[in-house]
>>> print(open('target.cif').read())   # mmCIF, C-alpha atoms
data_target
#
loop_
_atom_site.label_atom_id
_atom_site.label_comp_id
_atom_site.auth_asym_id
_atom_site.auth_seq_id
_atom_site.Cartn_x
_atom_site.Cartn_y
_atom_site.Cartn_z
CA MET A 1123 2.71 15.64 -22.77
CA THR A 1124 3.84 17.82 -19.89
CA ARG A 1125 5.34 16.44 -16.65
CA GLN A 1126 2.24 17.57 -14.74
CA GLN A 1127 -0.09 15.78 -17.17
CA HIS A 1128 2.03 12.66 -16.75
CA ARG A 1129 1.74 12.93 -12.96
CA ASN A 1130 -2.02 13.56 -13.11
CA ARG A 1131 -2.55 10.53 -15.33
CA LEU A 1132 -0.67 8.18 -13.01
CA GLN A 1133 -2.31 9.68 -9.95
CA ARG A 1134 -5.83 9.22 -11.27
CA SER A 1135 -5.15 5.63 -12.32
CA ALA A 1136 -3.64 4.83 -8.92
CA LEU A 1137 -6.46 6.45 -6.94
CA ALA A 1138 -9.13 4.77 -9.05
CA ALA A 1139 -7.53 1.42 -8.34
CA GLY A 1140 -7.21 2.21 -4.64
CA ALA A 1141 -10.84 3.33 -4.47
CA ALA A 1142 -11.92 -0.04 -5.87
CA PHE A 1143 -11.16 -1.91 -2.66
CA THR A 1144 -12.40 -5.18 -1.25
CA VAL A 1145 -9.66 -7.26 0.31
CA ALA A 1146 -10.89 -10.52 -1.21
CA VAL A 1147 -8.95 -13.16 -3.06
CA ALA A 1148 -10.53 -13.92 -6.43
CA GLY A 1149 -13.18 -16.60 -6.03
CA ALA A 1150 -13.37 -16.23 -2.25
CA GLY A 1151 -16.51 -15.01 -0.54
CA ALA A 1152 -14.74 -12.97 2.12
CA ALA A 1153 -11.38 -11.55 2.98
CA PRO A 1154 -8.77 -13.61 4.81
CA GLY A 1155 -9.42 -13.15 8.51
CA ALA A 1156 -13.06 -12.11 7.97
CA GLY A 1157 -15.49 -13.19 10.67
CA ALA A 1158 -14.34 -13.93 14.18
CA ALA A 1159 -11.03 -12.41 15.24
CA GLU A 1160 -8.11 -14.74 14.79
CA ALA A 1161 -6.30 -15.94 17.87
CA GLY A 1162 -2.96 -14.33 18.64
CA THR A 1163 -0.81 -12.96 21.40
CA ALA A 1164 -2.86 -10.49 23.46
CA GLY A 1165 -2.09 -6.90 22.62
CA LYS A 1166 0.12 -7.72 19.63
CA PRO A 1167 -1.13 -7.23 16.08
CA LYS A 1168 -1.14 -10.17 13.73
CA LEU A 1169 0.03 -9.08 10.27
CA LYS A 1170 -0.35 -10.85 6.97
CA LEU A 1171 0.50 -9.91 3.37
CA ILE A 1172 -2.26 -10.75 0.88
CA ALA A 1173 -3.16 -10.04 -2.74
CA ALA A 1174 -6.67 -8.73 -3.38
CA SER A 1175 -6.63 -10.39 -6.80
CA ASN A 1176 -4.53 -12.98 -8.57
CA SER A 1177 -4.49 -10.92 -11.77
CA VAL A 1178 -4.08 -7.23 -12.57
CA THR A 1179 -4.18 -5.31 -15.85
CA LEU A 1180 -2.28 -2.04 -16.13
CA ASP A 1181 -2.37 0.43 -19.03
CA ARG A 1182 0.83 1.87 -20.44
CA TRP A 1183 0.16 5.23 -22.09
CA GLU A 1184 2.27 6.91 -24.73
CA GLY A 1185 4.77 9.28 -23.14
CA ASP A 1186 4.47 7.81 -19.64
CA GLY A 1187 7.70 5.80 -19.89
CA GLY A 1188 6.24 2.78 -18.13
CA VAL A 1189 3.55 1.66 -15.70
CA PHE A 1190 2.85 2.39 -12.05
CA LEU A 1191 2.98 -0.95 -10.19
CA ASP A 1192 -0.27 -0.97 -8.25
CA LEU A 1193 -0.46 -4.75 -7.75
CA GLY A 1194 -3.30 -4.71 -5.22
CA THR A 1195 -1.40 -6.15 -2.26
CA TYR A 1196 -2.37 -5.34 1.32
CA VAL A 1197 -1.18 -5.88 4.86
CA THR A 1198 -4.05 -7.15 7.00
CA VAL A 1199 -4.05 -6.44 10.73
CA ASP A 1200 -5.86 -8.49 13.35
CA GLY A 1201 -5.64 -9.21 17.08
CA ALA A 1202 -4.75 -5.60 17.94
CA PRO A 1203 -4.13 -2.33 16.07
CA LEU A 1204 -0.76 -1.76 14.39
CA GLU A 1205 0.50 1.58 15.71
CA PHE A 1206 3.75 3.54 15.59
CA LYS A 1207 4.91 6.79 17.12
CA VAL A 1208 7.62 8.40 15.01
CA THR A 1209 9.49 11.46 16.32
CA ARG A 1210 12.72 13.43 16.35
CA LYS A 1211 13.85 15.96 18.94
CA SER A 1212 15.07 18.48 16.39
CA TYR A 1213 15.89 18.76 12.69
CA LYS A 1214 19.45 17.69 13.53
CA ASP A 1215 18.45 14.60 15.50
CA PRO A 1216 17.69 11.19 13.99
CA VAL A 1217 14.16 9.86 13.59
CA VAL A 1218 13.09 7.45 16.34
CA ALA A 1219 10.26 4.99 15.68
CA GLN A 1220 8.42 3.12 18.42
CA GLN A 1221 5.70 0.52 18.11
CA ILE A 1222 2.81 1.14 20.50
CA ILE A 1223 1.29 -2.06 21.89
CA ARG A 1224 -2.03 -1.64 23.69
CA ASN A 1225 -3.45 -4.44 25.83
CA GLY A 1226 -6.55 -3.31 27.66
CA THR A 1227 -5.51 -0.48 29.99
CA LYS A 1228 -1.81 -1.30 29.58
CA THR A 1229 0.39 0.35 26.97
CA GLN A 1230 3.85 -0.82 26.02
CA THR A 1231 6.38 0.72 23.64
CA LYS A 1232 8.83 -1.23 21.52
CA LYS A 1233 11.61 0.82 19.97
CA LEU A 1234 12.43 -0.18 16.42
CA PRO A 1235 16.11 -0.80 15.59
CA ALA A 1236 18.14 2.40 15.35
CA GLY A 1237 18.56 3.61 11.79
CA LEU A 1238 15.75 1.43 10.42
CA VAL A 1239 13.39 4.38 9.93
CA LYS A 1240 15.12 7.46 8.53
CA ASP A 1241 12.17 9.75 7.81
CA PHE A 1242 8.39 9.98 8.23
CA SER A 1243 7.37 8.46 4.89
CA GLY A 1244 7.04 4.87 6.15
CA LEU A 1245 8.98 1.67 6.74
CA PRO A 1246 11.73 1.60 4.08
CA GLY A 1247 12.44 -1.54 2.10
CA PHE A 1248 9.37 -3.25 3.55
CA LEU A 1249 8.31 -4.95 0.32
CA GLU A 1250 10.35 -6.84 -2.23
CA VAL A 1251 8.79 -6.94 -5.69
CA SER A 1252 10.04 -9.11 -8.54
CA VAL A 1253 8.56 -9.09 -12.06
CA LYS A 1254 9.31 -11.80 -14.62
CA ASN A 1255 8.36 -11.89 -18.29
CA ALA A 1256 6.62 -14.74 -20.12
CA ALA A 1257 9.99 -16.45 -20.61
CA GLY A 1258 10.60 -16.50 -16.85
CA GLU A 1259 13.33 -13.85 -16.97
CA GLU A 1260 13.39 -11.29 -14.18
CA VAL A 1261 12.90 -7.88 -15.79
CA SER A 1262 12.32 -5.77 -12.68
CA LYS A 1263 13.33 -6.04 -9.04
CA ALA A 1264 12.67 -3.38 -6.45
CA LYS A 1265 12.16 -2.65 -2.77
CA GLN A 1266 9.26 -0.48 -1.66
CA ALA A 1267 8.47 1.41 1.52
CA PHE A 1268 5.23 0.75 3.41
CA CYS A 1269 3.16 3.57 4.86
CA PRO A 1270 0.66 2.11 7.37
CA ASN A 1271 -1.51 5.22 6.85
CA ASN A 1272 -1.97 4.30 3.19
CA ALA A 1273 -5.24 3.35 1.48
CA SER A 1274 -7.18 1.16 3.91
CA GLY A 1275 -10.53 -0.35 4.77
CA ARG A 1276 -12.25 -2.92 6.97
CA ILE A 1277 -11.87 -6.65 6.41
CA ARG A 1278 -14.19 -7.76 9.23
CA PRO A 1279 -17.74 -6.53 9.94
CA ASP A 1280 -17.02 -6.23 13.67
CA ALA A 1281 -13.94 -4.05 13.14
CA PRO A 1282 -14.04 -0.32 14.03
CA THR A 1283 -16.16 1.56 11.50
CA THR A 1284 -13.73 4.48 11.33
CA SER A 1285 -9.97 4.84 11.54
CA LYS A 1286 -8.42 7.08 14.19
CA TYR A 1287 -5.12 7.22 12.31
CA PRO A 1288 -4.07 9.99 9.89
CA GLN A 1289 -4.25 9.63 6.14
CA SER A 1290 -0.84 9.30 4.45
CA CYS A 1291 2.66 9.52 5.90
CA PRO A 1292 4.20 13.02 5.88
CA THR A 1293 7.16 13.88 3.67
CA ASN A 1294 7.38 17.52 4.77
CA ALA A 1295 10.97 18.43 5.66
CA PHE A 1296 9.76 20.29 8.76
CA THR A 1297 7.92 17.33 10.34
CA LEU A 1298 8.99 16.53 13.90
CA GLY A 1299 6.49 13.81 14.73
CA SER A 1300 3.87 11.53 13.25
CA VAL A 1301 1.59 8.63 14.11
CA TRP A 1302 1.21 5.65 11.79
CA GLY A 1303 -1.42 3.01 12.23
CA VAL A 1304 -3.87 0.43 10.93
CA GLU A 1305 -6.97 -0.46 12.94
CA LYS A 1306 -7.59 -4.02 14.13
CA GLY A 1307 -9.65 -5.79 11.49
CA TRP A 1308 -8.48 -3.43 8.74
CA ALA A 1309 -6.03 -3.74 5.85
CA SER A 1310 -3.69 -1.15 4.33
CA ASN A 1311 -2.58 -0.96 0.70
CA THR A 1312 1.15 -1.62 0.40
CA THR A 1313 1.57 0.42 -2.79
CA ALA A 1314 4.03 3.27 -2.37
CA TRP A 1315 2.38 6.36 -3.85
CA ASP A 1316 5.48 7.69 -5.61
CA TYR A 1317 4.11 9.00 -8.87
CA GLU A 1318 7.58 9.82 -10.15
CA SER A 1319 8.49 6.13 -10.15
CA VAL A 1320 7.30 3.98 -13.03
CA VAL A 1321 8.59 0.62 -14.26
CA ASP A 1322 9.48 0.36 -17.93
CA LEU A 1323 7.50 -2.75 -18.89
CA PRO A 1324 6.51 -3.13 -22.57
CA ALA A 1325 3.03 -4.43 -23.35
CA GLY A 1326 2.81 -8.13 -22.60
CA GLU A 1327 2.24 -10.78 -19.95
CA TYR A 1328 4.24 -10.91 -16.71
CA THR A 1329 4.29 -12.57 -13.32
CA ALA A 1330 4.82 -10.42 -10.23
CA ASN A 1331 5.93 -11.86 -6.90
CA VAL A 1332 5.60 -9.77 -3.74
CA SER A 1333 7.04 -10.52 -0.31
CA VAL A 1334 7.82 -8.79 2.99
CA ALA A 1335 11.55 -8.31 3.62
CA LYS A 1336 12.97 -10.79 6.14
CA LYS A 1337 14.00 -8.10 8.64
CA TYR A 1338 10.36 -7.01 8.94
CA ARG A 1339 9.03 -10.56 9.04
CA ASP A 1340 11.35 -11.24 11.97
CA LEU A 1341 10.57 -7.92 13.66
CA PHE A 1342 6.77 -8.20 13.52
CA GLY A 1343 6.28 -11.97 13.22
CA ILE A 1344 4.83 -11.80 9.70
CA PRO A 1345 4.38 -15.12 7.85
CA ASP A 1346 6.57 -15.59 4.77
CA ASP A 1347 3.67 -15.34 2.33
CA ARG A 1348 4.62 -14.50 -1.25
CA PRO A 1349 1.57 -13.59 -3.35
CA THR A 1350 1.99 -14.20 -7.06
CA ILE A 1351 0.03 -11.96 -9.40
CA LYS A 1352 -0.52 -12.36 -13.13
CA LEU A 1353 0.25 -8.96 -14.63
CA THR A 1354 -0.96 -7.82 -18.04
CA VAL A 1355 0.44 -4.59 -19.47
CA ARG A 1356 -1.55 -3.01 -22.29
CA GLN A 1357 -0.24 -0.32 -24.60
CA GLU A 1358 -2.66 2.57 -25.02
CA SER A 1359 -2.42 5.52 -27.37
CA SER A 1360 -3.30 9.12 -26.59
CA GLU A 1361 -5.98 9.21 -29.29
CA ASP A 1362 -8.62 9.05 -26.57
CA GLY A 1363 -7.49 12.44 -25.30
CA GLU A 1364 -4.61 14.29 -23.75
CA GLY A 1365 -3.74 15.06 -20.14
CA GLU A 1366 -6.84 15.06 -17.96
CA GLY A 1367 -9.07 13.36 -20.53
CA ALA A 1368 -6.71 10.48 -21.17
CA ALA A 1369 -6.10 10.17 -17.44
CA GLY A 1370 -9.79 9.60 -16.91
CA VAL A 1371 -9.83 6.86 -19.53
CA ALA A 1372 -6.77 5.21 -17.98
CA ALA A 1373 -8.33 5.40 -14.52
CA SER A 1374 -11.59 3.80 -15.57
CA ARG A 1375 -9.86 1.01 -17.49
CA SER A 1376 -7.43 0.29 -14.66
CA SER A 1377 -10.32 0.04 -12.23
CA ALA A 1378 -12.43 -2.11 -14.55
CA HIS A 1379 -9.66 -4.67 -15.03
CA HIS A 1380 -8.49 -5.04 -11.42
CA GLY A 1381 -10.38 -8.33 -11.02
CA GLY A 1382 -10.92 -9.11 -7.32
CA HIS A 1383 -9.49 -5.68 -6.53
CA GLN A 1384 -12.94 -4.26 -7.44
CA ALA A 1385 -15.39 -3.33 -4.72
CA ALA A 1386 -18.74 -1.78 -4.03
CA GLY A 1387 -18.12 1.84 -3.29
CA HIS A 1388 -15.02 2.12 -1.10
CA ASP A 1389 -13.72 5.65 -1.51
CA ALA A 1390 -12.90 6.72 2.01
CA HIS A 1391 -9.53 6.00 3.64
CA SER A 1392 -8.29 4.60 0.32
CA ALA A 1393 -8.33 7.75 -1.80
CA HIS A 1394 -6.83 9.96 0.94
CA ASP A 1395 -9.29 12.69 0.01
CA HIS A 1396 -12.25 11.81 2.19
CA GLY A 1397 -13.23 10.89 5.74
CA HIS A 1398 -12.23 7.84 7.74
CA SER A 1399 -15.16 5.55 6.92
CA GLY A 1400 -14.47 1.87 6.30
CA VAL A 1401 -15.83 -0.86 4.09
CA ASP A 1402 -17.45 -4.02 5.34
CA ALA A 1403 -16.04 -7.28 4.11
CA PRO A 1404 -18.53 -9.27 2.06
CA THR A 1405 -20.68 -11.67 4.01
#
>>> encode(input="target.cif", output="structure tokens")
Amino acid sequence: MTRQQHRNRLQRSALAAGAAFTVAVAGAGAAPGAGAAEAGTAGKPKLKLIAASNSVTLDRWEGDGGVFLDLGTYVTVDGAPLEFKVTRKSYKDPVVAQQIIRNGTKTQTKKLPAGLVKDFSGLPGFLEVSVKNAAGEEVSKAKQAFCPNNASGRIRPDAPTTSKYPQSCPTNAFTLGSVWGVEKGWASNTTAWDYESVVDLPAGEYTANVSVAKKYRDLFGIPDDRPTIKLTVRQESSEDGEGEGAAGVAASRSSAHHGGHQAAGHDAHSAHDHGHSGVDAPT
């Protein structure tokens, strides 16, 4: 299998999983925060890390070297939009990130700590992901960046129907400025879309624990929630097809086994290929 076929396979699986989006915990009738807006400090977004499902099945294909950890975790935003302005004066100057806080007609800016954000790809080291095998041994530990412009959708029916923020965070070396954001009443997928990064997990049963790094919990007032997800890795052969064909099979199977991560027809801000339409939370 060529490197491009490997990339295409992972990309299709990841996008299929992202397109199947309803931020709903398995067994719950609606997403956390659905319904009336939760109380919070005026003008400041209220963030929360949630898992869309308590179990995920990922396919490991021959030649892929591992699995892409799309665990279906999201950052929900309520109370006010989460918005950042990220700029640099020149290619030689450091990146400066500011949080934009809007309260009615008033706008405040809160500069993030110097050196925290080094480029335009997102908030580095935002997530901490630990994977343990059936024996309780930690077999993988990693930190992941969070791009607020990642796959997203509505979690409340009274939230804005479209997102005014761009899709994806730029990685172009010539970028001088960017805006990151998540609308109030929306949620953004925390998965870092780095298709070159896979985790070498043999077929089997695992437990994944996801948390927000303490520096970000302190910075944004995020509760110390630590979703635990049952992870099943299945070994698949390439007998179903090579390259594009096998990628399609992997994508459909990944989507079909994402449990509560499934949804009715969300393919907008999640897949990064379409317009900014949202998805209503179930009622």
>>> atom_distance(input="target.cif", atom1="CA of Asn1331 in chain A", atom2="CA of Gly1188 in chain A")
18.5 Å
>>> atom_distance(input="target.cif", atom1="CA of Gly1303 in chain A", atom2="CA of Glu1250 in chain A")
21.1 Å
>>> axis_aligned_box(input="target.cif", around="range 1167-1180 of chain A", padding_each_side="6 Å", output="JSON")
{"center_x": -3.1, "center_y": -7.5, "center_z": 0.0, "size_x": 19.2, "size_y": 22.9, "size_z": 44.2}
>>> closest_residue(input="target.cif", among="A:Leu1191, A:Ser1290, A:Asp1347, A:Asn1176", to="Lys1265 in chain A", atoms="all atoms listed in the file")
A:Leu1191
>>> atom_distance(input="target.cif", atom1="CA of Pro1203 in chain A", atom2="CA of Lys1336 in chain A")
21.5 Å
>>> resolve_selection(input="target.cif", expression="the PyMOL selection byres ((chain A and resi 1268) around 10)", output="JSON, numbers by chain")
{"A": [1196, 1197, 1243, 1244, 1245, 1246, 1247, 1248, 1249, 1265, 1266, 1267, 1269, 1270, 1271, 1272, 1291, 1310, 1311, 1312, 1313, 1314, 1315, 1334]}
>>> residues_around(input="target.cif", residues="Pro1167 in chain A", least_positions_apart="2", cutoff="10 Å", atoms="all atoms listed in the file", output="number ranges by chain")
A: 1162-1165, 1169-1170, 1198-1205, 1223-1224, 1304-1307, 1342-1344
>>> resolve_selection(input="target.cif", expression="the PyMOL selection byres ((chain A and resi 1328) around 6)", output="list in words")
Lys1254, Asn1255, Ala1256, Glu1327, Thr1329 and Leu1353 of chain A
>>> closest_atom_pairs(input="target.cif", of="range 1236-1343 of chain A", to="range 1210-1217 of chain A", cutoff="10 Å", atoms="only C-alpha atoms", output="CSV")
residue,atom,partner,partner_atom,distance
A:Ala1236,CA,A:Val1217,CA,8.6
A:Gly1237,CA,A:Val1217,CA,7.9
A:Leu1238,CA,A:Val1217,CA,9.1
A:Val1239,CA,A:Val1217,CA,6.6
A:Lys1240,CA,A:Val1217,CA,5.7
A:Asp1241,CA,A:Val1217,CA,6.1
A:Phe1242,CA,A:Val1217,CA,7.9
A:Ala1295,CA,A:Tyr1213,CA,8.6
A:Phe1296,CA,A:Tyr1213,CA,7.4
A:Thr1297,CA,A:Tyr1213,CA,8.4
A:Leu1298,CA,A:Arg1210,CA,5.4
A:Gly1299,CA,A:Arg1210,CA,6.4
A:Ser1300,CA,A:Arg1210,CA,9.6
>>> write_last_selection(input="target.cif", atoms="C-alpha atoms", output="PDB file, in the coordinates of the input")
ATOM      1  CA  ALA A1236      18.140   2.400  15.350  1.00  0.00           C
ATOM      2  CA  GLY A1237      18.560   3.610  11.790  1.00  0.00           C
ATOM      3  CA  LEU A1238      15.750   1.430  10.420  1.00  0.00           C
ATOM      4  CA  VAL A1239      13.390   4.380   9.930  1.00  0.00           C
ATOM      5  CA  LYS A1240      15.120   7.460   8.530  1.00  0.00           C
ATOM      6  CA  ASP A1241      12.170   9.750   7.810  1.00  0.00           C
ATOM      7  CA  PHE A1242       8.390   9.980   8.230  1.00  0.00           C
ATOM      8  CA  ALA A1295      10.970  18.430   5.660  1.00  0.00           C
ATOM      9  CA  PHE A1296       9.760  20.290   8.760  1.00  0.00           C
ATOM     10  CA  THR A1297       7.920  17.330  10.340  1.00  0.00           C
ATOM     11  CA  LEU A1298       8.990  16.530  13.900  1.00  0.00           C
ATOM     12  CA  GLY A1299       6.490  13.810  14.730  1.00  0.00           C
ATOM     13  CA  SER A1300       3.870  11.530  13.250  1.00  0.00           C
TER      14      SER A1300
END
>>> resolve_selection(input="target.cif", expression="the PyMOL selection byres ((chain A and resi 1355) around 8)", output="ChimeraX atom specification")
/A:1179-1182,1189,1323-1328,1353-1354,1356-1357
>>> closest_residue(input="target.cif", among="A:Ala1309, A:Lys1337, A:Val1251, A:Phe1206", to="Asp1192 in chain A", atoms="only C-alpha atoms")
A:Val1251
>>> closest_residue(input="target.cif", among="A:Ser1319, A:Thr1283, A:Gln1221, A:Ser1333", to="Ile1172 in chain A", atoms="all atoms listed in the file")
A:Ser1333
>>> build_atoms(input="target.cif", residues="range 1330-1364 of chain A", atoms="N, CA and C atoms", output="tab-separated table (two decimals), in the frame of the given file")
chain	number	residue	atom	x	y	z
A	1330	ALA	N	4.24	-11.22	-11.32
A	1330	ALA	CA	4.82	-10.42	-10.23
A	1330	ALA	C	4.77	-11.21	-8.93
A	1331	ASN	N	5.85	-11.19	-8.20
A	1331	ASN	CA	5.93	-11.86	-6.90
A	1331	ASN	C	6.24	-10.81	-5.85
A	1332	VAL	N	5.44	-10.78	-4.78
A	1332	VAL	CA	5.60	-9.77	-3.74
A	1332	VAL	C	5.82	-10.46	-2.40
A	1333	SER	N	6.77	-9.95	-1.63
A	1333	SER	CA	7.04	-10.52	-0.31
A	1333	SER	C	7.46	-9.42	0.66
A	1334	VAL	N	7.35	-9.70	1.95
A	1334	VAL	CA	7.82	-8.79	2.99
A	1334	VAL	C	9.28	-9.12	3.27
A	1335	ALA	N	10.12	-8.10	3.35
A	1335	ALA	CA	11.55	-8.31	3.62
A	1335	ALA	C	11.73	-9.07	4.94
A	1336	LYS	N	12.75	-9.93	4.98
A	1336	LYS	CA	12.97	-10.79	6.14
A	1336	LYS	C	13.12	-10.00	7.44
A	1337	LYS	N	13.79	-8.85	7.40
A	1337	LYS	CA	14.00	-8.10	8.64
A	1337	LYS	C	12.67	-7.67	9.26
A	1338	TYR	N	11.67	-7.40	8.41
A	1338	TYR	CA	10.36	-7.01	8.94
A	1338	TYR	C	9.54	-8.23	9.34
A	1339	ARG	N	9.72	-9.33	8.63
A	1339	ARG	CA	9.03	-10.56	9.04
A	1339	ARG	C	9.50	-10.97	10.44
A	1340	ASP	N	10.81	-10.87	10.66
A	1340	ASP	CA	11.35	-11.24	11.97
A	1340	ASP	C	10.91	-10.24	13.05
A	1341	LEU	N	10.88	-8.97	12.69
A	1341	LEU	CA	10.57	-7.92	13.66
A	1341	LEU	C	9.12	-7.98	14.12
A	1342	PHE	N	8.20	-8.25	13.18
A	1342	PHE	CA	6.77	-8.20	13.52
A	1342	PHE	C	6.10	-9.58	13.49
A	1343	GLY	N	6.86	-10.64	13.25
A	1343	GLY	CA	6.28	-11.97	13.22
A	1343	GLY	C	5.33	-12.19	12.05
A	1344	ILE	N	5.69	-11.69	10.89
A	1344	ILE	CA	4.83	-11.80	9.70
A	1344	ILE	C	5.14	-13.10	8.97
A	1345	PRO	N	4.13	-13.88	8.61
A	1345	PRO	CA	4.38	-15.12	7.85
A	1345	PRO	C	5.07	-14.82	6.52
A	1346	ASP	N	5.84	-15.77	6.03
A	1346	ASP	CA	6.57	-15.59	4.77
A	1346	ASP	C	5.67	-15.92	3.58
A	1347	ASP	N	4.58	-15.17	3.46
A	1347	ASP	CA	3.67	-15.34	2.33
A	1347	ASP	C	4.20	-14.55	1.14
A	1348	ARG	N	4.08	-15.13	-0.04
A	1348	ARG	CA	4.62	-14.50	-1.25
A	1348	ARG	C	3.56	-14.53	-2.36
A	1349	PRO	N	2.61	-13.60	-2.31
A	1349	PRO	CA	1.57	-13.59	-3.35
A	1349	PRO	C	2.16	-13.47	-4.75
A	1350	THR	N	1.60	-14.26	-5.66
A	1350	THR	CA	1.99	-14.20	-7.06
A	1350	THR	C	0.81	-13.66	-7.86
A	1351	ILE	N	1.08	-12.64	-8.67
A	1351	ILE	CA	0.03	-11.96	-9.40
A	1351	ILE	C	0.33	-11.99	-10.90
A	1352	LYS	N	-0.64	-12.42	-11.68
A	1352	LYS	CA	-0.52	-12.36	-13.13
A	1352	LYS	C	-0.71	-10.91	-13.56
A	1353	LEU	N	0.26	-10.38	-14.25
A	1353	LEU	CA	0.25	-8.96	-14.63
A	1353	LEU	C	0.19	-8.83	-16.15
A	1354	THR	N	-0.82	-8.12	-16.61
A	1354	THR	CA	-0.96	-7.82	-18.04
A	1354	THR	C	-0.74	-6.34	-18.25
A	1355	VAL	N	0.19	-5.98	-19.13
A	1355	VAL	CA	0.44	-4.59	-19.47
A	1355	VAL	C	-0.09	-4.34	-20.87
A	1356	ARG	N	-0.98	-3.37	-20.99
A	1356	ARG	CA	-1.55	-3.01	-22.29
A	1356	ARG	C	-1.00	-1.68	-22.75
A	1357	GLN	N	-0.70	-1.58	-24.02
A	1357	GLN	CA	-0.24	-0.32	-24.60
A	1357	GLN	C	-1.45	0.47	-25.07
A	1358	GLU	N	-1.56	1.70	-24.62
A	1358	GLU	CA	-2.66	2.57	-25.02
A	1358	GLU	C	-2.10	3.81	-25.71
A	1359	SER	N	-2.83	4.30	-26.69
A	1359	SER	CA	-2.42	5.52	-27.37
A	1359	SER	C	-3.12	6.70	-26.74
A	1360	SER	N	-2.70	7.89	-27.13
A	1360	SER	CA	-3.30	9.12	-26.59
A	1360	SER	C	-4.43	9.62	-27.47
A	1361	GLU	N	-4.91	8.77	-28.39
A	1361	GLU	CA	-5.98	9.21	-29.29
A	1361	GLU	C	-7.28	9.46	-28.55
A	1362	ASP	N	-7.40	8.84	-27.36
A	1362	ASP	CA	-8.62	9.05	-26.57
A	1362	ASP	C	-8.66	10.40	-25.89
A	1363	GLY	N	-7.54	11.13	-25.94
A	1363	GLY	CA	-7.49	12.44	-25.30
A	1363	GLY	C	-6.15	12.70	-24.69
A	1364	GLU	N	-5.88	13.92	-24.36
A	1364	GLU	CA	-4.61	14.29	-23.75
A	1364	GLU	C	-4.80	14.70	-22.31
